[in-house]
file model.txt (compact mmCIF, C-alpha atoms)
# COMPACT_ATOMS: atom_id res chain seq x y z
CA MET A 1 13.44 -11.72 14.54
CA ILE A 2 10.83 -9.09 15.41
CA GLY A 3 13.57 -6.84 16.77
CA ALA A 4 15.53 -7.21 13.53
CA LEU A 5 12.44 -6.50 11.41
CA ALA A 6 11.75 -3.45 13.54
CA THR A 7 15.33 -2.25 12.92
CA LEU A 8 14.84 -2.58 9.14
CA LEU A 9 11.44 -0.84 9.24
CA VAL A 10 12.70 2.01 11.47
CA CYS A 11 15.61 2.63 9.04
CA GLN A 12 13.20 2.57 6.09
CA LEU A 13 10.75 4.89 7.85
CA LEU A 14 13.48 7.41 8.72
CA GLY A 15 14.72 7.17 5.12
CA GLU A 16 11.23 7.86 3.72
CA VAL A 17 10.69 10.79 6.11
CA ALA A 18 14.11 12.27 5.25
CA ALA A 19 13.61 11.81 1.47
CA ARG A 20 10.18 13.45 1.53
CA GLY A 21 10.93 16.07 4.18
CA LEU A 22 14.13 17.28 2.50
CA GLY A 23 12.85 16.74 -1.06
CA LEU A 24 15.79 14.44 -1.92
CA PRO A 25 15.72 12.63 -5.30
CA VAL A 26 16.62 9.31 -3.64
CA PRO A 27 14.14 6.53 -2.80
CA GLY A 28 13.54 6.31 0.98
CA PRO A 29 14.69 2.68 1.32
CA VAL A 30 18.10 3.63 -0.18
CA LEU A 31 18.58 6.26 2.53
CA GLY A 32 17.46 3.58 4.99
CA MET A 33 20.20 1.30 3.60
CA ALA A 34 22.82 4.03 4.05
CA LEU A 35 21.57 4.62 7.61
CA LEU A 36 21.74 0.92 8.52
CA PHE A 37 25.24 0.72 6.99
CA ALA A 38 26.37 3.68 9.15
CA LEU A 39 24.83 2.03 12.25
CA LEU A 40 26.63 -1.25 11.50
CA LEU A 41 29.97 0.55 11.05
CA LEU A 42 29.44 2.16 14.48
CA ARG A 43 28.60 -1.16 16.14
CA GLY A 44 31.55 -2.93 14.50
CA GLU A 45 31.97 -6.41 13.07
CA GLY A 46 29.77 -9.17 14.44
CA ALA A 47 26.63 -7.06 14.85
CA ASP A 48 25.23 -8.65 11.70
CA ALA A 49 27.07 -12.00 11.63
CA ALA A 50 25.16 -15.10 10.48
CA GLY A 51 23.29 -16.49 13.49
CA THR A 52 22.66 -13.14 15.21
CA PRO A 53 18.98 -12.06 15.09
CA LEU A 54 19.72 -9.36 12.49
CA GLY A 55 21.95 -11.67 10.43
CA THR A 56 19.38 -14.50 10.41
CA THR A 57 16.47 -12.23 9.43
CA VAL A 58 18.45 -10.49 6.68
CA ASP A 59 19.73 -13.80 5.29
CA ALA A 60 16.16 -15.15 5.13
CA LEU A 61 14.91 -11.98 3.44
CA LEU A 62 17.76 -11.67 0.93
CA GLY A 63 17.84 -15.44 0.35
CA ASN A 64 14.39 -15.08 -1.24
CA LEU A 65 14.98 -11.69 -2.81
CA GLY A 66 13.86 -13.07 -6.18
CA LEU A 67 10.35 -13.78 -4.85
CA LEU A 68 9.92 -10.12 -3.87
CA PHE A 69 10.57 -9.05 -7.49
CA VAL A 70 7.75 -11.23 -8.86
CA PRO A 71 4.58 -9.12 -8.21
CA ALA A 72 6.08 -6.00 -9.81
CA ALA A 73 7.57 -7.85 -12.77
CA VAL A 74 4.21 -9.53 -13.50
CA GLY A 75 3.00 -5.96 -14.12
CA VAL A 76 4.65 -6.27 -17.52
CA VAL A 77 1.32 -7.78 -18.70
CA VAL A 78 -0.11 -4.25 -18.55
CA TYR A 79 2.59 -3.09 -20.98
CA LEU A 80 2.37 -5.93 -23.50
CA PRO A 81 1.09 -3.48 -26.17
CA VAL A 82 4.10 -1.21 -25.49
CA LEU A 83 6.43 -4.21 -25.68
CA ALA A 84 4.83 -5.42 -28.91
CA ARG A 85 5.30 -1.96 -30.43
CA GLU A 86 8.78 -1.16 -29.07
CA TRP A 87 10.40 -4.57 -28.62
CA ALA A 88 13.31 -3.68 -30.94
CA PRO A 89 14.61 -0.54 -29.15
CA ILE A 90 13.97 -2.17 -25.75
CA SER A 91 15.87 -5.38 -26.49
CA CYS A 92 18.73 -3.53 -28.24
CA ALA A 93 19.03 -1.14 -25.28
CA ILE A 94 19.11 -3.99 -22.77
CA LEU A 95 21.51 -6.22 -24.72
CA GLY A 96 23.79 -3.50 -26.15
CA GLY A 97 23.70 -1.22 -23.11
CA THR A 98 24.38 -3.99 -20.61
CA LEU A 99 27.21 -5.67 -22.54
CA ALA A 100 28.91 -2.35 -23.38
CA ALA A 101 28.64 -1.26 -19.74
CA ILE A 102 30.17 -4.53 -18.53
CA ALA A 103 33.17 -4.11 -20.86
CA VAL A 104 33.70 -0.42 -19.98
CA THR A 105 33.21 -0.86 -16.22
CA GLY A 106 35.50 -3.90 -16.14
CA LEU A 107 38.28 -2.19 -18.12
CA LEU A 108 38.04 1.02 -16.06
CA ALA A 109 38.08 -0.87 -12.74
CA GLN A 110 41.02 -3.04 -13.86
CA ALA A 111 43.04 -0.02 -15.01
CA LEU A 112 42.37 1.83 -11.73
CA LEU A 113 43.00 -1.13 -9.41
CA ARG A 114 46.25 -2.08 -11.17
CA ARG A 115 47.73 1.22 -10.02
CA LEU A 116 46.93 0.15 -6.47
CA GLY A 117 48.62 -3.22 -7.01
CA MET B 1 -21.24 -21.80 -13.87
CA SER B 2 -23.51 -22.91 -10.99
CA PRO B 3 -24.33 -20.17 -8.43
CA ASN B 4 -22.14 -21.88 -5.88
CA LEU B 5 -19.06 -21.87 -8.11
CA ALA B 6 -19.75 -18.27 -9.11
CA GLU B 7 -19.79 -17.30 -5.43
CA ILE B 8 -16.49 -19.05 -4.84
CA TRP B 9 -14.99 -17.28 -7.87
CA VAL B 10 -16.17 -13.89 -6.58
CA TYR B 11 -14.63 -14.64 -3.18
CA LEU B 12 -11.31 -15.74 -4.72
CA SER B 13 -11.03 -12.74 -7.02
CA GLN B 14 -11.80 -10.24 -4.24
CA GLU B 15 -9.70 -11.53 -1.36
CA PRO B 16 -5.90 -11.29 -1.37
CA LEU B 17 -5.51 -14.98 -0.42
CA ALA B 18 -5.62 -16.44 -3.95
CA ALA B 19 -3.17 -13.94 -5.50
CA LEU B 20 -0.75 -14.32 -2.60
CA THR B 21 -0.90 -18.13 -2.74
CA ALA B 22 -0.47 -18.13 -6.53
CA THR B 23 2.63 -15.89 -6.21
CA LEU B 24 4.30 -18.19 -3.68
CA LEU B 25 3.43 -21.34 -5.67
CA ALA B 26 4.72 -19.79 -8.91
CA TRP B 27 7.99 -18.88 -7.14
CA LEU B 28 8.38 -22.45 -5.83
CA ALA B 29 7.69 -23.79 -9.33
CA GLY B 30 10.23 -21.30 -10.74
CA GLN B 31 12.89 -22.58 -8.33
CA ARG B 32 12.10 -26.20 -9.28
CA LEU B 33 12.36 -25.41 -12.99
CA SER B 34 15.63 -23.51 -12.46
CA ALA B 35 17.11 -26.50 -10.59
CA LEU B 36 15.93 -28.76 -13.41
CA PHE B 37 18.10 -26.73 -15.84
CA GLY B 38 21.08 -27.02 -13.48
CA ARG B 39 20.64 -23.38 -12.33
CA HIS B 40 21.89 -22.08 -15.67
CA ALA B 41 22.09 -18.27 -15.75
CA LEU B 42 19.36 -18.11 -18.41
CA ALA B 43 17.04 -20.39 -16.39
CA ASN B 44 16.17 -17.73 -13.85
CA PRO B 45 13.48 -18.62 -11.22
CA VAL B 46 12.04 -15.07 -11.25
CA LEU B 47 11.64 -15.27 -15.03
CA PHE B 48 9.80 -18.61 -14.76
CA ALA B 49 7.51 -17.33 -11.98
CA VAL B 50 6.66 -14.20 -13.98
CA ILE B 51 5.88 -16.21 -17.11
CA ILE B 52 3.63 -18.58 -15.13
CA LEU B 53 1.68 -15.77 -13.44
CA ALA B 54 1.46 -13.59 -16.56
CA THR B 55 0.07 -16.54 -18.56
CA LEU B 56 -2.42 -17.21 -15.75
CA LEU B 57 -3.63 -13.58 -15.71
CA ILE B 58 -3.94 -13.40 -19.50
CA THR B 59 -5.78 -16.73 -19.88
CA THR B 60 -8.24 -16.10 -16.99
CA GLY B 61 -8.70 -12.43 -17.86
CA ILE B 62 -7.96 -11.33 -14.27
CA ASP B 63 -6.96 -7.66 -14.05
CA TYR B 64 -3.36 -7.00 -12.97
CA ARG B 65 -4.55 -4.51 -10.34
CA ALA B 66 -6.83 -7.19 -8.82
CA TYR B 67 -3.86 -9.57 -8.69
CA PHE B 68 -1.62 -6.91 -7.14
CA GLU B 69 -4.17 -6.31 -4.33
CA GLY B 70 -3.07 -9.67 -2.99
CA ALA B 71 0.52 -9.76 -4.19
CA GLN B 72 1.27 -6.38 -2.60
CA PHE B 73 2.02 -8.12 0.70
CA VAL B 74 5.04 -9.74 -0.96
CA HIS B 75 5.85 -6.53 -2.83
CA PHE B 76 5.88 -4.53 0.42
CA LEU B 77 8.90 -6.51 1.65
CA LEU B 78 11.05 -4.97 -1.11
CA GLY B 79 11.47 -1.86 1.07
CA PRO B 80 12.91 -3.66 4.13
CA ALA B 81 14.91 -5.91 1.76
CA THR B 82 16.56 -2.82 0.23
CA VAL B 83 17.51 -1.59 3.70
CA ALA B 84 18.82 -5.11 4.43
CA LEU B 85 21.33 -4.82 1.53
CA ALA B 86 23.46 -2.80 4.01
CA VAL B 87 24.29 -6.09 5.75
CA PRO B 88 26.14 -7.94 2.92
CA LEU B 89 27.90 -4.65 2.16
CA HIS B 90 29.03 -4.31 5.78
CA ARG B 91 30.09 -7.97 6.01
CA GLN B 92 32.40 -7.53 3.01
CA TRP B 93 33.62 -4.12 4.08
CA HIS B 94 36.93 -5.30 5.59
CA ALA B 95 37.75 -7.23 2.39
CA VAL B 96 37.10 -4.35 0.00
CA ARG B 97 38.02 -1.40 2.22
CA ARG B 98 41.56 -0.85 0.89
CA SER B 99 40.55 -0.60 -2.75
CA ALA B 100 37.22 1.03 -1.91
CA PRO B 101 37.83 4.63 -3.10
CA LEU B 102 38.99 3.57 -6.59
CA ALA B 103 36.34 0.85 -6.74
CA LEU B 104 33.57 3.30 -5.81
CA PHE B 105 34.73 5.70 -8.53
CA ALA B 106 34.67 2.92 -11.15
CA ILE B 107 31.23 1.77 -9.96
CA ALA B 108 29.69 5.26 -10.16
CA CYS B 109 31.15 5.81 -13.68
CA GLY B 110 30.06 2.33 -14.83
CA GLY B 111 26.55 2.75 -13.41
CA LEU B 112 26.00 6.08 -15.15
CA PHE B 113 27.52 4.70 -18.38
CA ALA B 114 25.10 1.76 -18.25
CA ALA B 115 22.14 4.12 -17.76
CA ALA B 116 23.31 6.48 -20.51
CA THR B 117 24.04 3.83 -23.19
CA GLY B 118 20.75 2.01 -22.59
CA ALA B 119 18.73 5.24 -22.74
CA ALA B 120 20.71 6.50 -25.77
CA ILE B 121 20.22 3.28 -27.77
CA ALA B 122 16.46 3.24 -27.05
CA TRP B 123 16.17 6.95 -27.86
CA ALA B 124 18.14 6.59 -31.12
CA LEU B 125 15.87 3.73 -32.20
CA GLY B 126 12.81 5.90 -31.65
CA ALA B 127 11.42 4.58 -28.35
CA ALA B 128 8.74 6.66 -26.57
CA PRO B 129 10.06 8.99 -23.80
CA GLU B 130 8.47 6.97 -20.99
CA VAL B 131 10.10 3.81 -22.38
CA VAL B 132 13.52 5.53 -22.47
CA ALA B 133 13.01 6.67 -18.86
CA SER B 134 12.00 3.13 -17.88
CA LEU B 135 15.21 1.71 -19.39
CA ALA B 136 17.66 4.16 -17.79
CA PRO B 137 17.78 2.71 -14.23
CA ARG B 138 17.70 -0.95 -15.40
CA SER B 139 21.15 -1.93 -14.07
CA VAL B 140 20.19 -1.00 -10.48
CA THR B 141 18.69 -3.55 -8.07
CA MET B 142 14.93 -3.77 -8.69
CA PRO B 143 13.33 -1.97 -5.69
CA VAL B 144 15.63 1.04 -6.16
CA ALA B 145 15.32 0.99 -9.96
CA MET B 146 11.52 1.18 -9.70
CA GLY B 147 11.76 4.19 -7.40
CA ILE B 148 14.20 5.95 -9.77
CA SER B 149 12.03 5.11 -12.81
CA GLU B 150 9.02 6.76 -11.16
CA ARG B 151 11.03 9.93 -10.56
CA LEU B 152 12.24 10.04 -14.18
CA GLY B 153 8.67 9.69 -15.52
CA GLY B 154 9.09 6.03 -16.50
CA LEU B 155 6.79 3.06 -15.94
CA PRO B 156 7.93 1.17 -12.78
CA SER B 157 6.53 -2.20 -13.88
CA LEU B 158 8.25 -1.95 -17.26
CA THR B 159 11.45 -1.04 -15.41
CA ALA B 160 11.01 -4.14 -13.23
CA ALA B 161 10.92 -6.29 -16.37
CA THR B 162 13.97 -4.56 -17.92
CA VAL B 163 15.91 -4.91 -14.64
CA LEU B 164 15.22 -8.63 -14.75
CA ALA B 165 16.26 -8.88 -18.42
CA SER B 166 19.47 -6.88 -17.80
CA GLY B 167 20.39 -9.04 -14.82
CA ILE B 168 19.92 -12.23 -16.82
CA THR B 169 21.85 -10.79 -19.79
CA GLY B 170 24.76 -9.64 -17.62
CA ALA B 171 24.97 -12.82 -15.56
CA ALA B 172 24.79 -15.10 -18.62
CA LEU B 173 26.93 -13.17 -21.15
CA GLY B 174 29.04 -10.89 -18.90
CA PRO B 175 31.88 -13.36 -18.25
CA MET B 176 32.22 -13.95 -22.01
CA VAL B 177 32.41 -10.21 -22.74
CA MET B 178 35.09 -9.72 -20.08
CA ASN B 179 37.18 -12.59 -21.46
CA LEU B 180 36.89 -10.92 -24.86
CA VAL B 181 38.20 -7.51 -23.65
CA ARG B 182 40.73 -9.23 -21.31
CA VAL B 183 39.45 -8.13 -17.91
CA ARG B 184 41.17 -10.79 -15.77
CA ASP B 185 41.37 -9.07 -12.36
CA TRP B 186 38.73 -10.78 -10.14
CA ARG B 187 38.06 -7.48 -8.36
CA ALA B 188 37.35 -5.71 -11.66
CA ARG B 189 35.22 -8.61 -12.93
CA GLY B 190 33.12 -8.48 -9.74
CA ILE B 191 32.73 -4.70 -10.00
CA ALA B 192 31.59 -4.89 -13.64
CA ILE B 193 29.03 -7.64 -12.95
CA GLY B 194 27.62 -6.09 -9.76
CA THR B 195 27.33 -2.63 -11.34
CA THR B 196 25.45 -3.82 -14.44
CA ALA B 197 23.67 -7.02 -13.38
CA HIS B 198 22.86 -6.22 -9.68
CA GLY B 199 21.73 -9.17 -7.50
CA LEU B 200 21.42 -11.70 -10.30
CA GLY B 201 25.02 -11.03 -11.35
CA THR B 202 26.24 -11.00 -7.74
CA ALA B 203 24.68 -14.41 -7.10
CA ARG B 204 26.60 -15.76 -10.14
CA ALA B 205 29.84 -14.03 -9.11
CA LEU B 206 29.67 -15.55 -5.62
CA MET B 207 29.47 -19.01 -7.21
CA VAL B 208 32.61 -18.44 -9.30
CA ASN B 209 35.04 -16.58 -7.03
CA ALA B 210 34.82 -15.18 -3.47
CA THR B 211 36.76 -11.99 -4.28
CA ALA B 212 34.59 -11.31 -7.34
CA GLY B 213 31.50 -11.95 -5.19
CA ALA B 214 32.57 -9.48 -2.49
CA PHE B 215 33.29 -6.74 -5.03
CA SER B 216 30.09 -7.52 -6.92
CA GLY B 217 28.05 -7.07 -3.73
CA LEU B 218 29.80 -3.77 -3.04
CA ALA B 219 29.14 -2.67 -6.62
CA MET B 220 25.44 -3.58 -6.44
CA GLY B 221 24.92 -1.69 -3.17
CA PHE B 222 26.95 1.38 -4.12
CA ASN B 223 25.56 1.61 -7.65
CA ALA B 224 22.05 1.67 -6.16
CA LEU B 225 23.08 4.63 -4.02
CA ALA B 226 25.09 6.45 -6.72
CA THR B 227 22.52 6.04 -9.51
CA ALA B 228 19.64 6.98 -7.19
CA LEU B 229 21.52 10.17 -6.22
CA LEU B 230 23.01 11.20 -9.58
CA LEU B 231 20.67 9.94 -12.31
CA PRO B 232 17.59 12.08 -11.42
CA LEU B 233 19.83 15.19 -11.25
CA LEU B 234 21.55 14.47 -14.60
CA TRP B 235 18.20 13.52 -16.14
CA ARG B 236 16.67 16.86 -15.13
CA LEU B 237 19.71 18.62 -16.59
CA PHE B 238 19.44 16.89 -20.00
CA ALA B 239 15.65 16.79 -20.19
CA GLY B 240 15.50 20.43 -19.11
CA GLY B 241 18.09 21.43 -21.73
CA GLY B 242 16.64 19.36 -24.59

call {"tool": "encode", "arguments": {"input": "model.txt", "output": "C-alpha cells"}}
result
Amino acid sequence: MIGALATLLVCQLLGEVAARGLGLPVPGPVLGMALLFALLLLRGEGADAAGTPLGTTVDALLGNLGLLFVPAAVGVVVYLPVLAREWAPISCAILGGTLAAIAVTGLLAQALLRRLG
Amino acid sequence: MSPNLAEIWVYLSQEPLAALTATLLAWLAGQRLSALFGRHALANPVLFAVIILATLLITTGIDYRAYFEGAQFVHFLLGPATVALAVPLHRQWHAVRRSAPLALFAIACGGLFAAATGAAIAWALGAAPEVVASLAPRSVTMPVAMGISERLGGLPSLTAATVLASGITGAALGPMVMNLVRVRDWRARGIAIGTTAHGLGTARALMVNATAGAFSGLAMGFNALATALLLPLLWRLFAGGG
C-alpha cells in the first residue's frame, strides 16, 4: 500500500514540477494522471488489476472519492451572500448548461460512432 | 460556560482533530441517508454531508478557515486521487480503444460546449465575472475543476459546489434528456454522462450498463485533461479580446 501511495505521490509531484517549471495551464495532478496512464500502458494489463497493491489502494481511494470532495464543497458557506444574490444565473447555468451539453454530446457521439459501426 | 468547558472548546477549535472527525462522521451519515433513499440520484451522500457540516458551521459560528485547518488532511488526498483516475481509464482501455479517436473528439467538443453554455447563460443573466469563471469548469471532476477555476480567476469553493450540483443534475436528469433526443447507443450515452456529470454520472452509468460505464469513465478522465488544457487558453483568448 505504501509503495502504491508513493507511486501516486511521485506522479503528482512530477506533474506539479512540470506544470510550474514549464508554465503549463494544466493542474499538476492532471499531468500526474497522464504520466501514470503512460506508465500503465508501458507495463501492460494486470499492473493495476484489483488485488494488486496499486489496484487495491486506488480502489480504496476512488471508492471514497465523494468524501474527498466534502471539505472544499463546505466552503460554499463563505459564498452564501454571492449565492443569495446570484442564485438565478447560477442555477440556470447549471441546469440549462448541463442538460444542453448532455443532449449535444450524446447526439454528436452517436452520429460519429455510427459511422464506425 | 465554566472555565473548564471554555478550555475544552478552545482546544477543540484550535486542533485539527474535531474538524477531521466531524468530516468523517458527516460523510458516514451522508452515506446512511443516501441508502435510506434507495441511493436515488438526487439523494447524494456528498450533498448530505455538505449540508450537515455547513449547518454546523453556521449555527456554531465557527469560521470556515478554522474548519478547513482540520479538514485539509482529507482535502489533500484529492491530488493523489486525481492521479489515481488513470487506473480506471487504463482498465477500460482495451474495451474503448477501437472507438477511442472518435470518442475523444466527441468528449473534447462536449466538454468545451458544456463550459461555454454554462458560462454564457450566467453571463447573459448578469452574473459577476468571478461567478462566470467559477461556473465554466463545472462539468469536470472536482479536484481538476477547482484547479482550472483558480486559473480562470474563479472561486474554487464555489466551483466545488457547482461541480456537485452539475453532477447531481446530469446523473438524475441526463437519461431522460437522452431518451428525449433519441440517443440510444450505450457508448454515446456513457460519453455524454461522463463528459458532463463526471464521477457522479459515471457511478450511475456503471449501475445501468457496463459499456456505458466504461465510456463514461473514459469521458470523465479525458474531459478533465482536455478542459484543463484547452479552457484556460480559450478563456485568455476571449477575455483578452473582450

call {"tool": "axis_aligned_box", "arguments": {"input": "model.txt", "around": "stretch 108-119 of chain B", "padding_each_side": "4 Å", "output": "JSON"}}
result
{"center_x": 24.9, "center_y": 4.1, "center_z": -16.7, "size_x": 20.4, "size_y": 12.7, "size_z": 21.0}

call {"tool": "closest_residue", "arguments": {"input": "model.txt", "among": "B:Pro88, B:Pro156, B:Gly70, B:Gly38", "to": "A:Glu45", "atoms": "only C-alpha atoms"}}
result
B:Pro88

call {"tool": "closest_residue", "arguments": {"input": "model.txt", "among": "A:Met1, A:Pro29, A:Pro53, A:Ala38", "to": "chain B", "atoms": "all atoms listed in the file"}}
result
A:Pro29

call {"tool": "residues_around", "arguments": {"input": "model.txt", "residues": "B:Ile168", "least_positions_apart": "4", "cutoff": "7 Å", "atoms": "all atoms listed in the file", "output": "PyMOL selection string"}}
result
chain B and resi 41-42+164+172+200

call {"tool": "residues_around", "arguments": {"input": "model.txt", "residues": "B:Ala71", "least_positions_apart": "3", "cutoff": "8 Å", "atoms": "only C-alpha atoms", "output": "PyMOL selection string"}}
result
(chain A and resi 71) or (chain B and resi 16+19-20+23+67-68+74-75)
